[in-house]
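*Asks:* My structure is in protein.cif, and what it holds is mmCIF, C-alpha atoms:
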data_query
#
loop_
_atom_site.group_PDB
_atom_site.id
_atom_site.type_symbol
_atom_site.label_atom_id
_atom_site.label_comp_id
_atom_site.auth_asym_id
_atom_site.auth_seq_id
_atom_site.Cartn_x
_atom_site.Cartn_y
_atom_site.Cartn_z
ATOM 1 C CA MET A 42 0.000 0.000 0.000
ATOM 2 C CA THR A 43 1.396 3.415 -0.921
ATOM 3 C CA PRO A 44 2.029 6.084 1.771
ATOM 4 C CA ASP A 45 -0.707 8.237 0.233
ATOM 5 C CA ARG A 46 -3.194 5.382 0.432
ATOM 6 C CA ARG A 47 -2.270 4.676 4.076
ATOM 7 C CA ALA A 48 -2.725 8.335 4.997
ATOM 8 C CA ILE A 49 -6.150 8.467 3.372
ATOM 9 C CA LEU A 50 -7.300 5.259 5.045
ATOM 10 C CA ALA A 51 -6.084 6.519 8.421
ATOM 11 C CA GLY A 52 -8.087 9.703 7.982
ATOM 12 C CA LEU A 53 -11.192 7.766 7.031
ATOM 13 C CA ALA A 54 -10.854 5.439 10.007
ATOM 14 C CA ALA A 55 -10.876 8.431 12.342
ATOM 15 C CA LEU A 56 -14.184 9.744 10.995
ATOM 16 C CA PRO A 57 -17.362 9.273 13.017
ATOM 17 C CA LEU A 58 -20.359 7.876 11.243
ATOM 18 C CA ALA A 59 -22.273 10.935 10.053
ATOM 19 C CA THR A 60 -24.356 12.228 7.212
ATOM 20 C CA ALA A 61 -22.298 13.928 4.517
ATOM 21 C CA ALA A 62 -23.928 17.330 4.931
ATOM 22 C CA ARG A 63 -23.303 17.756 8.684
ATOM 23 C CA ALA A 64 -21.632 21.086 9.364
ATOM 24 C CA GLU A 65 -19.480 19.618 12.146
ATOM 25 C CA ALA A 66 -18.000 16.820 10.005
ATOM 26 C CA PRO A 67 -14.200 17.107 9.954
ATOM 27 C CA VAL A 68 -12.489 18.090 6.739
ATOM 28 C CA LEU A 69 -10.234 15.389 5.347
ATOM 29 C CA GLY A 70 -7.043 16.579 3.739
ATOM 30 C CA ARG A 71 -6.001 20.214 4.018
ATOM 31 C CA PRO A 72 -7.874 23.214 2.637
ATOM 32 C CA VAL A 73 -5.765 26.228 1.694
ATOM 33 C CA GLU A 74 -7.586 29.531 1.303
ATOM 34 C CA HIS A 75 -6.738 32.145 -1.316
ATOM 35 C CA PRO A 76 -9.147 34.990 -0.508
ATOM 36 C CA ALA A 77 -10.170 37.621 -3.054
ATOM 37 C CA MET A 78 -7.973 36.253 -5.818
ATOM 38 C CA PRO A 79 -7.484 39.105 -8.307
ATOM 39 C CA SER A 80 -8.071 38.859 -12.040
ATOM 40 C CA ALA A 81 -7.730 41.039 -15.112
ATOM 41 C CA HIS A 82 -10.876 39.433 -16.557
ATOM 42 C CA VAL A 83 -13.443 39.060 -13.740
ATOM 43 C CA GLN A 84 -14.169 40.292 -10.242
ATOM 44 C CA PRO A 85 -11.933 38.969 -7.417
ATOM 45 C CA ARG A 86 -13.202 35.813 -5.764
ATOM 46 C CA ASP A 87 -12.248 33.420 -3.010
ATOM 47 C CA VAL A 88 -10.537 30.205 -4.058
ATOM 48 C CA THR A 89 -10.154 27.164 -1.799
ATOM 49 C CA VAL A 90 -7.535 24.594 -2.746
ATOM 50 C CA TRP A 91 -8.139 21.208 -1.142
ATOM 51 C CA LEU A 92 -4.991 19.114 -0.799
ATOM 52 C CA PRO A 93 -5.671 15.399 -0.325
ATOM 53 C CA PRO A 94 -4.369 13.328 2.583
ATOM 54 C CA GLY A 95 -0.751 12.442 1.931
ATOM 55 C CA TYR A 96 -0.115 15.540 -0.172
ATOM 56 C CA ASP A 97 2.925 16.505 1.902
ATOM 57 C CA ALA A 98 4.817 13.443 0.667
ATOM 58 C CA PRO A 99 7.336 15.138 -1.633
ATOM 59 C CA ASP A 100 7.370 12.615 -4.472
ATOM 60 C CA ALA A 101 3.697 12.766 -5.486
ATOM 61 C CA SER A 102 1.883 14.854 -8.095
ATOM 62 C CA TYR A 103 -1.839 15.128 -8.660
ATOM 63 C CA PRO A 104 -4.502 15.760 -11.283
ATOM 64 C CA VAL A 105 -6.667 18.810 -10.619
ATOM 65 C CA LEU A 106 -10.436 19.019 -10.369
ATOM 66 C CA TYR A 107 -11.726 22.574 -10.798
ATOM 67 C CA MET A 108 -15.203 23.109 -9.307
ATOM 68 C CA HIS A 109 -17.512 26.130 -9.439
ATOM 69 C CA ASP A 110 -19.585 27.527 -6.532
ATOM 70 C CA GLY A 111 -16.635 26.774 -4.289
ATOM 71 C CA GLN A 112 -18.293 27.874 -1.046
ATOM 72 C CA ASN A 113 -20.662 24.883 -1.306
ATOM 73 C CA LEU A 114 -18.086 22.113 -1.611
ATOM 74 C CA PHE A 115 -16.398 21.375 1.714
ATOM 75 C CA ASP A 116 -18.013 23.134 4.664
ATOM 76 C CA ALA A 117 -21.744 23.401 5.297
ATOM 77 C CA SER A 118 -21.234 26.357 7.635
ATOM 78 C CA ARG A 119 -20.009 28.422 4.647
ATOM 79 C CA ALA A 120 -22.680 27.260 2.213
ATOM 80 C CA PRO A 121 -25.584 29.683 1.654
ATOM 81 C CA TYR A 122 -28.198 26.938 2.036
ATOM 82 C CA GLY A 123 -26.507 25.100 4.900
ATOM 83 C CA ALA A 124 -25.597 21.985 2.890
ATOM 84 C CA GLU A 125 -22.375 20.985 1.164
ATOM 85 C CA TRP A 126 -21.260 18.549 -1.508
ATOM 86 C CA GLY A 127 -18.918 16.717 0.884
ATOM 87 C CA VAL A 128 -16.229 16.730 -1.784
ATOM 88 C CA ASP A 129 -13.394 16.019 0.647
ATOM 89 C CA GLU A 130 -15.140 12.958 2.124
ATOM 90 C CA HIS A 131 -16.087 11.547 -1.273
ATOM 91 C CA VAL A 132 -12.705 12.103 -2.897
ATOM 92 C CA ALA A 133 -10.767 10.734 0.075
ATOM 93 C CA ARG A 134 -12.899 7.590 0.274
ATOM 94 C CA LEU A 135 -12.840 6.889 -3.452
ATOM 95 C CA ALA A 136 -9.092 7.486 -3.621
ATOM 96 C CA ALA A 137 -8.445 5.246 -0.621
ATOM 97 C CA THR A 138 -10.292 2.381 -2.279
ATOM 98 C CA GLY A 139 -8.588 2.894 -5.658
ATOM 99 C CA GLN A 140 -11.734 3.969 -7.501
ATOM 100 C CA ILE A 141 -10.322 7.305 -8.729
ATOM 101 C CA ARG A 142 -7.025 9.062 -9.309
ATOM 102 C CA THR A 143 -6.522 11.276 -6.267
ATOM 103 C CA PRO A 144 -6.977 14.934 -7.280
ATOM 104 C CA ILE A 145 -6.267 18.308 -5.841
ATOM 105 C CA VAL A 146 -9.651 20.079 -5.797
ATOM 106 C CA VAL A 147 -9.862 23.797 -6.579
ATOM 107 C CA GLY A 148 -13.114 25.350 -5.336
ATOM 108 C CA ILE A 149 -13.789 28.609 -7.172
ATOM 109 C CA GLY A 150 -16.118 30.894 -5.266
ATOM 110 C CA ASN A 151 -18.927 32.592 -7.136
ATOM 111 C CA THR A 152 -19.789 36.299 -7.081
ATOM 112 C CA PRO A 153 -22.991 38.367 -7.426
ATOM 113 C CA LEU A 154 -22.362 38.148 -11.200
ATOM 114 C CA ARG A 155 -22.655 34.344 -11.134
ATOM 115 C CA LEU A 156 -25.436 34.074 -13.715
ATOM 116 C CA ARG A 157 -23.640 36.219 -16.252
ATOM 117 C CA GLU A 158 -20.311 34.486 -15.619
ATOM 118 C CA TYR A 159 -21.767 30.994 -15.963
ATOM 119 C CA ILE A 160 -24.033 31.466 -19.006
ATOM 120 C CA PRO A 161 -22.163 30.319 -22.155
ATOM 121 C CA ALA A 162 -21.640 33.188 -24.562
ATOM 122 C CA ASN A 163 -21.959 30.884 -27.581
ATOM 123 C CA LEU A 164 -25.475 29.910 -26.512
ATOM 124 C CA ILE A 165 -26.534 33.513 -26.035
ATOM 125 C CA ALA A 166 -25.154 34.367 -29.476
ATOM 126 C CA ALA A 167 -27.157 31.506 -31.011
ATOM 127 C CA LEU A 168 -30.510 32.534 -29.491
ATOM 128 C CA PRO A 169 -33.200 34.376 -31.449
ATOM 129 C CA ASP A 170 -33.141 38.095 -30.715
ATOM 130 C CA ASP A 171 -36.181 38.122 -28.427
ATOM 131 C CA MET A 172 -34.936 35.206 -26.339
ATOM 132 C CA ARG A 173 -31.502 36.790 -26.041
ATOM 133 C CA ALA A 174 -33.053 40.032 -24.850
ATOM 134 C CA ASP A 175 -35.181 38.188 -22.267
ATOM 135 C CA VAL A 176 -32.211 36.307 -20.813
ATOM 136 C CA GLN A 177 -29.961 39.342 -20.676
ATOM 137 C CA ALA A 178 -32.691 41.378 -18.994
ATOM 138 C CA ILE A 179 -33.201 38.676 -16.355
ATOM 139 C CA TYR A 180 -29.480 38.094 -15.806
ATOM 140 C CA GLY A 181 -28.558 41.766 -15.718
ATOM 141 C CA GLY A 182 -26.560 42.146 -18.903
ATOM 142 C CA GLU A 183 -24.469 40.416 -21.526
ATOM 143 C CA PRO A 184 -22.670 37.168 -20.662
ATOM 144 C CA LEU A 185 -19.348 37.372 -18.861
ATOM 145 C CA SER A 186 -18.445 33.734 -19.432
ATOM 146 C CA ASP A 187 -15.584 34.425 -21.824
ATOM 147 C CA GLY A 188 -13.865 36.518 -19.157
ATOM 148 C CA TYR A 189 -14.524 33.855 -16.527
ATOM 149 C CA VAL A 190 -13.032 31.116 -18.690
ATOM 150 C CA ARG A 191 -10.027 33.341 -19.426
ATOM 151 C CA PHE A 192 -9.582 33.707 -15.662
ATOM 152 C CA LEU A 193 -9.604 29.923 -15.308
ATOM 153 C CA VAL A 194 -7.209 29.222 -18.168
ATOM 154 C CA GLU A 195 -4.886 32.218 -18.166
ATOM 155 C CA GLU A 196 -4.684 33.074 -14.467
ATOM 156 C CA LEU A 197 -6.024 30.445 -12.077
ATOM 157 C CA LYS A 198 -4.627 27.295 -13.690
ATOM 158 C CA PRO A 199 -1.109 28.746 -14.126
ATOM 159 C CA PHE A 200 -1.184 29.839 -10.475
ATOM 160 C CA ILE A 201 -2.317 26.405 -9.295
ATOM 161 C CA ASP A 202 0.288 24.614 -11.417
ATOM 162 C CA ALA A 203 3.064 26.917 -10.163
ATOM 163 C CA THR A 204 2.037 26.695 -6.499
ATOM 164 C CA TYR A 205 1.061 23.033 -6.070
ATOM 165 C CA ARG A 206 2.380 19.685 -7.281
ATOM 166 C CA THR A 207 -0.002 19.148 -10.155
ATOM 167 C CA ARG A 208 -0.078 17.102 -13.304
ATOM 168 C CA PRO A 209 -0.827 20.003 -15.632
ATOM 169 C CA GLY A 210 -1.697 18.116 -18.801
ATOM 170 C CA ARG A 211 -5.112 18.006 -20.407
ATOM 171 C CA ASP A 212 -5.925 14.456 -19.363
ATOM 172 C CA ASP A 213 -5.360 15.368 -15.710
ATOM 173 C CA THR A 214 -7.388 18.603 -15.760
ATOM 174 C CA VAL A 215 -11.101 18.219 -14.998
ATOM 175 C CA ILE A 216 -13.833 20.825 -14.559
ATOM 176 C CA MET A 217 -17.214 20.312 -12.878
ATOM 177 C CA GLY A 218 -20.219 22.180 -11.536
ATOM 178 C CA SER A 219 -23.947 22.004 -10.973
ATOM 179 C CA SER A 220 -26.901 23.895 -12.421
ATOM 180 C CA MET A 221 -25.429 26.949 -14.190
ATOM 181 C CA GLY A 222 -22.076 25.496 -13.146
ATOM 182 C CA GLY A 223 -22.848 22.570 -15.435
ATOM 183 C CA LEU A 224 -23.296 24.932 -18.363
ATOM 184 C CA ILE A 225 -20.013 26.756 -17.767
ATOM 185 C CA SER A 226 -18.172 23.461 -17.327
ATOM 186 C CA MET A 227 -19.281 22.314 -20.753
ATOM 187 C CA TYR A 228 -18.460 25.736 -22.179
ATOM 188 C CA ALA A 229 -14.922 25.590 -20.763
ATOM 189 C CA LEU A 230 -14.431 22.214 -22.461
ATOM 190 C CA MET A 231 -15.760 23.647 -25.738
ATOM 191 C CA LYS A 232 -13.568 26.744 -25.550
ATOM 192 C CA HIS A 233 -10.392 25.032 -24.399
ATOM 193 C CA PRO A 234 -10.334 21.327 -25.257
ATOM 194 C CA GLU A 235 -6.544 21.563 -25.179
ATOM 195 C CA VAL A 236 -6.718 22.488 -21.462
ATOM 196 C CA PHE A 237 -9.631 20.472 -20.055
ATOM 197 C CA GLY A 238 -9.777 16.740 -20.599
ATOM 198 C CA ALA A 239 -13.142 16.166 -18.926
ATOM 199 C CA ALA A 240 -16.231 18.077 -17.847
ATOM 200 C CA GLY A 241 -18.855 17.129 -15.273
ATOM 201 C CA CYS A 242 -22.254 18.787 -15.695
ATOM 202 C CA VAL A 243 -24.533 18.011 -12.745
ATOM 203 C CA SER A 244 -28.234 19.002 -12.884
ATOM 204 C CA THR A 245 -27.402 21.200 -15.850
ATOM 205 C CA HIS A 246 -29.731 24.194 -16.016
ATOM 206 C CA TRP A 247 -30.682 23.952 -19.678
ATOM 207 C CA PRO A 248 -33.797 26.197 -19.537
ATOM 208 C CA ILE A 249 -31.532 29.178 -18.574
ATOM 209 C CA ARG A 250 -34.617 31.309 -17.938
ATOM 210 C CA ILE A 251 -35.303 31.429 -14.210
ATOM 211 C CA GLU A 252 -38.854 32.741 -14.107
ATOM 212 C CA GLN A 253 -42.246 31.762 -15.581
ATOM 213 C CA LEU A 254 -41.230 28.125 -16.090
ATOM 214 C CA SER A 255 -44.320 26.724 -14.361
ATOM 215 C CA ASP A 256 -46.666 27.460 -17.278
ATOM 216 C CA PRO A 257 -46.572 24.306 -19.456
ATOM 217 C CA ALA A 258 -47.310 26.090 -22.725
ATOM 218 C CA ALA A 259 -44.707 28.784 -22.105
ATOM 219 C CA LEU A 260 -42.151 26.191 -21.057
ATOM 220 C CA ALA A 261 -42.817 24.063 -24.151
ATOM 221 C CA ALA A 262 -42.369 27.021 -26.485
ATOM 222 C CA TRP A 263 -39.214 28.126 -24.700
ATOM 223 C CA ARG A 264 -37.850 24.568 -24.668
ATOM 224 C CA ASP A 265 -38.372 24.019 -28.386
ATOM 225 C CA ARG A 266 -36.624 27.207 -29.421
ATOM 226 C CA LEU A 267 -33.853 26.851 -26.896
ATOM 227 C CA THR A 268 -33.067 23.225 -27.695
ATOM 228 C CA GLU A 269 -32.808 24.098 -31.368
ATOM 229 C CA ALA A 270 -30.182 26.690 -30.473
ATOM 230 C CA TRP A 271 -28.483 24.470 -27.909
ATOM 231 C CA THR A 272 -28.161 21.419 -30.122
ATOM 232 C CA GLY A 273 -26.622 23.550 -32.845
ATOM 233 C CA VAL A 274 -24.069 24.928 -30.401
ATOM 234 C CA VAL A 275 -23.208 21.475 -29.044
ATOM 235 C CA ARG A 276 -22.921 20.021 -32.529
ATOM 236 C CA ALA A 277 -20.603 22.804 -33.672
ATOM 237 C CA ASP A 278 -18.448 23.397 -30.598
ATOM 238 C CA LEU A 279 -17.882 20.129 -28.736
ATOM 239 C CA PRO A 280 -14.450 18.632 -29.452
ATOM 240 C CA PRO A 281 -14.299 15.511 -31.613
ATOM 241 C CA PRO A 282 -15.007 12.270 -29.736
ATOM 242 C CA GLY A 283 -12.265 10.073 -28.386
ATOM 243 C CA ASP A 284 -9.952 12.272 -26.326
ATOM 244 C CA HIS A 285 -12.273 13.805 -23.702
ATOM 245 C CA ARG A 286 -14.851 12.732 -21.136
ATOM 246 C CA LEU A 287 -18.263 14.362 -20.737
ATOM 247 C CA TYR A 288 -20.684 13.621 -17.894
ATOM 248 C CA PHE A 289 -24.280 14.811 -17.454
ATOM 249 C CA ASP A 290 -26.890 13.916 -14.885
ATOM 250 C CA ARG A 291 -30.205 15.118 -13.533
ATOM 251 C CA GLY A 292 -32.841 14.308 -10.963
ATOM 252 C CA ASP A 293 -36.581 14.457 -11.549
ATOM 253 C CA GLU A 294 -37.817 16.573 -8.629
ATOM 254 C CA SER A 295 -37.916 20.343 -7.976
ATOM 255 C CA LEU A 296 -36.096 22.334 -10.674
ATOM 256 C CA ASP A 297 -34.615 19.165 -12.167
ATOM 257 C CA ALA A 298 -38.127 18.118 -13.191
ATOM 258 C CA PHE A 299 -37.897 20.640 -16.045
ATOM 259 C CA TYR A 300 -34.753 19.130 -17.546
ATOM 260 C CA ALA A 301 -35.772 15.809 -19.093
ATOM 261 C CA GLU A 302 -36.634 16.901 -22.621
ATOM 262 C CA PHE A 303 -33.751 19.353 -22.818
ATOM 263 C CA GLN A 304 -31.259 16.725 -21.667
ATOM 264 C CA THR A 305 -32.663 14.029 -23.943
ATOM 265 C CA ARG A 306 -32.116 16.224 -26.988
ATOM 266 C CA ILE A 307 -28.596 17.148 -25.904
ATOM 267 C CA ASP A 308 -27.749 13.495 -25.237
ATOM 268 C CA ALA A 309 -28.919 12.504 -28.704
ATOM 269 C CA THR A 310 -26.825 15.255 -30.257
ATOM 270 C CA VAL A 311 -23.681 14.182 -28.399
ATOM 271 C CA ARG A 312 -24.160 10.524 -29.285
ATOM 272 C CA ALA A 313 -24.848 11.390 -32.929
ATOM 273 C CA ALA A 314 -21.474 13.167 -32.972
ATOM 274 C CA GLY A 315 -19.814 9.838 -32.187
ATOM 275 C CA TRP A 316 -19.301 10.015 -28.433
ATOM 276 C CA THR A 317 -19.341 6.469 -27.054
ATOM 277 C CA PRO A 318 -20.290 5.222 -23.552
ATOM 278 C CA ASP A 319 -16.678 5.039 -22.409
ATOM 279 C CA ARG A 320 -16.374 8.796 -23.009
ATOM 280 C CA PHE A 321 -19.923 10.100 -22.563
ATOM 281 C CA ARG A 322 -22.377 9.382 -19.769
ATOM 282 C CA SER A 323 -25.797 10.863 -18.963
ATOM 283 C CA LEU A 324 -27.594 9.552 -15.880
ATOM 284 C CA VAL A 325 -30.992 10.059 -14.255
ATOM 285 C CA PHE A 326 -31.451 9.815 -10.479
ATOM 286 C CA PRO A 327 -35.146 9.295 -9.634
ATOM 287 C CA GLY A 328 -36.278 11.290 -6.629
ATOM 288 C CA ALA A 329 -33.246 13.595 -6.686
ATOM 289 C CA GLU A 330 -33.816 17.324 -6.262
ATOM 290 C CA HIS A 331 -31.922 20.422 -7.374
ATOM 291 C CA ASN A 332 -29.791 21.006 -4.282
ATOM 292 C CA GLU A 333 -26.455 20.282 -2.623
ATOM 293 C CA ALA A 334 -27.837 17.386 -0.575
ATOM 294 C CA SER A 335 -28.837 15.549 -3.767
ATOM 295 C CA TRP A 336 -25.517 16.305 -5.463
ATOM 296 C CA ASN A 337 -23.693 15.053 -2.384
ATOM 297 C CA GLN A 338 -25.594 11.763 -2.505
ATOM 298 C CA ARG A 339 -24.563 11.001 -6.086
ATOM 299 C CA LEU A 340 -21.115 12.590 -6.266
ATOM 300 C CA ASP A 341 -19.428 9.203 -6.625
ATOM 301 C CA ALA A 342 -20.933 8.835 -10.107
ATOM 302 C CA PRO A 343 -19.242 11.812 -11.774
ATOM 303 C CA LEU A 344 -16.004 11.413 -9.831
ATOM 304 C CA THR A 345 -15.465 7.787 -10.838
ATOM 305 C CA PHE A 346 -16.264 8.567 -14.474
ATOM 306 C CA LEU A 347 -14.164 11.727 -14.771
ATOM 307 C CA LEU A 348 -11.144 10.552 -12.768
ATOM 308 C CA PRO A 349 -10.858 6.805 -13.465
ATOM 309 C CA PRO A 350 -7.768 5.062 -12.127
ATOM 310 C CA VAL A 351 -4.972 4.625 -14.648
#
Would you kindly transcribe this structure into structure tokens?
*Replies:*
Amino acid sequence: MTPDRRAILAGLAALPLATAARAEAPVLGRPVEHPAMPSAHVQPRDVTVWLPPGYDAPDASYPVLYMHDGQNLFDASRAPYGAEWGVDEHVARLAATGQIRTPIVVGIGNTPLRLREYIPANLIAALPDDMRADVQAIYGGEPLSDGYVRFLVEELKPFIDATYRTRPGRDDTVIMGSSMGGLISMYALMKHPEVFGAAGCVSTHWPIRIEQLSDPAALAAWRDRLTEAWTGVVRADLPPPGDHRLYFDRGDESLDAFYAEFQTRIDATVRAAGWTPDRFRSLVFPGAEHNEASWNQRLDAPLTFLLPPV
């Protein structure tokens, strides 16, 4: 057993039995805070770098998992809704049992401009004029996603690679998020397939409009026009199949109940482009809602697909 594996198992053995979202659950590994990280492209934001158990062994290097909405990942007391993903517990357990390559996790905090930073600019450009105007009015302006992705690629990743013992190559660089974070994860893969080898899109918020979705007729009209735009964007901008991994999932309760027809069309488009099951996965979790508790419960699924052991 490697020293890293022994350290992870020792940490797990010391954990009390507890639900993953408990605020008092200890953090495995070591979080390092980088508050108000500056950028030439977006507003400053807090970044938490989670170093796995055993990181201090000098001869190891690690893939990197970049995750959006960083305040929701490790500590329920910092999460706006009082629930966390439990990323440290999941990653440590899966690594200890050899189910994933052990990553460094970079939690990227969001800002009040979250919606504009996470909405893909290529989708907005592809929308009919009236739909584009509606979205931009709701979100408060034009998309800022190109600047956010530039921050990730040109500023954050070079900083992480220079500061920590990473494996900087494409195949060891993964990006993941939920809801709007799912959209921006896919967009980052589209924009920079040379940088990101895999994207995890959890409960992806395909409807993008965040009001008046309860009227079935209005939703159907919006869905039909949006999916026509979305499928065109996916068809044109996803990298060719074979070298990347792409993961989608959804529940069927709360906001996720709106996603089925959107996701089905996207899945068909990806498969028609030649993406095979070893590189593309789209799962449905019956009874799952659109919240951190649900994402916590199924986090093993994207992690094992996006970071398979070598």
*Asks:* If we count all atoms listed in the file, what is near Asp293 in chain A at a cut-off of 9 Å, once residues fewer than 4 positions away on the same chain are taken out, given as a list in words?
*Replies:* Asp297, Ala298, Phe299, Tyr300, Ala301, Val325, Phe326, Pro327, Gly328, Ala329, Glu330 and His331 of chain A
*Asks:* For Ile249 in chain A, please output as a list of chain:residue names all residues within 8 Å (counting only C-alpha atoms; exclusion window: fewer than 3 positions along the same chain).
*Replies:* A:Ile160, A:Val176, A:Met221, A:His246
*Asks:* Expand the PyMOL selection byres ((chain A and resi 181) around 12) into the individual residues it matches in the shown file, reporting them as a list in words.
*Replies:*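 Selection result, ordered by chain and number: Pro153, Leu154, Arg155, Leu156, Arg157, Glu158, Ile160, Arg173, Ala174, Asp175, Val176, Gln177, Ala178, Ile179, Tyr180, Gly182, Glu183, Pro184 and Leu185 of chain A.
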*Asks:* Can you give me, as a list in words, the residues this file yields under the PyMOL selection byres ((chain A and resi 259-272) around 9)?
*Replies:*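 Selected by the PyMOL selection byres ((chain A and resi 259-272) around 9) in this file: Leu164, Ile165, Ala167, Leu168, Pro169, Met172, Trp247, Pro248, Ile249, Arg250, Gln253, Leu254, Ser255, Asp256, Pro257, Ala258, Gly273, Val274, Val275, Arg276, Ala277, Phe299, Glu302, Phe303, Arg306, Ile307, Thr310 and Val311 of chain A.
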*Asks:* Can you pull out the residues contacting Gly315 in chain A? Cut-off 12 Å, using all atoms listed in the file, and skip same-chain residues under 2 positions away; I want them as a ChimeraX atom specification.
*Replies:* /A:276,279-284,308-313,317-321
*Asks:* Care to translate the PyMOL selection byres ((chain A and resi 147) around 8) into actual residues of this file, as a ChimeraX atom specification?
*Replies:* /A:88-91,105-108,111,145-146,148-149
*Asks:* List as a ChimeraX atom specification the protein and nucleic acid residues near Ala229 in chain A, meaning an atom at most 9 Å away when all atoms listed in the file are counted, but skip any in the same chain fewer than 2 places from it.
*Replies:* /A:161,186-187,190,193-194,216,224-227,231-234,236-237,240
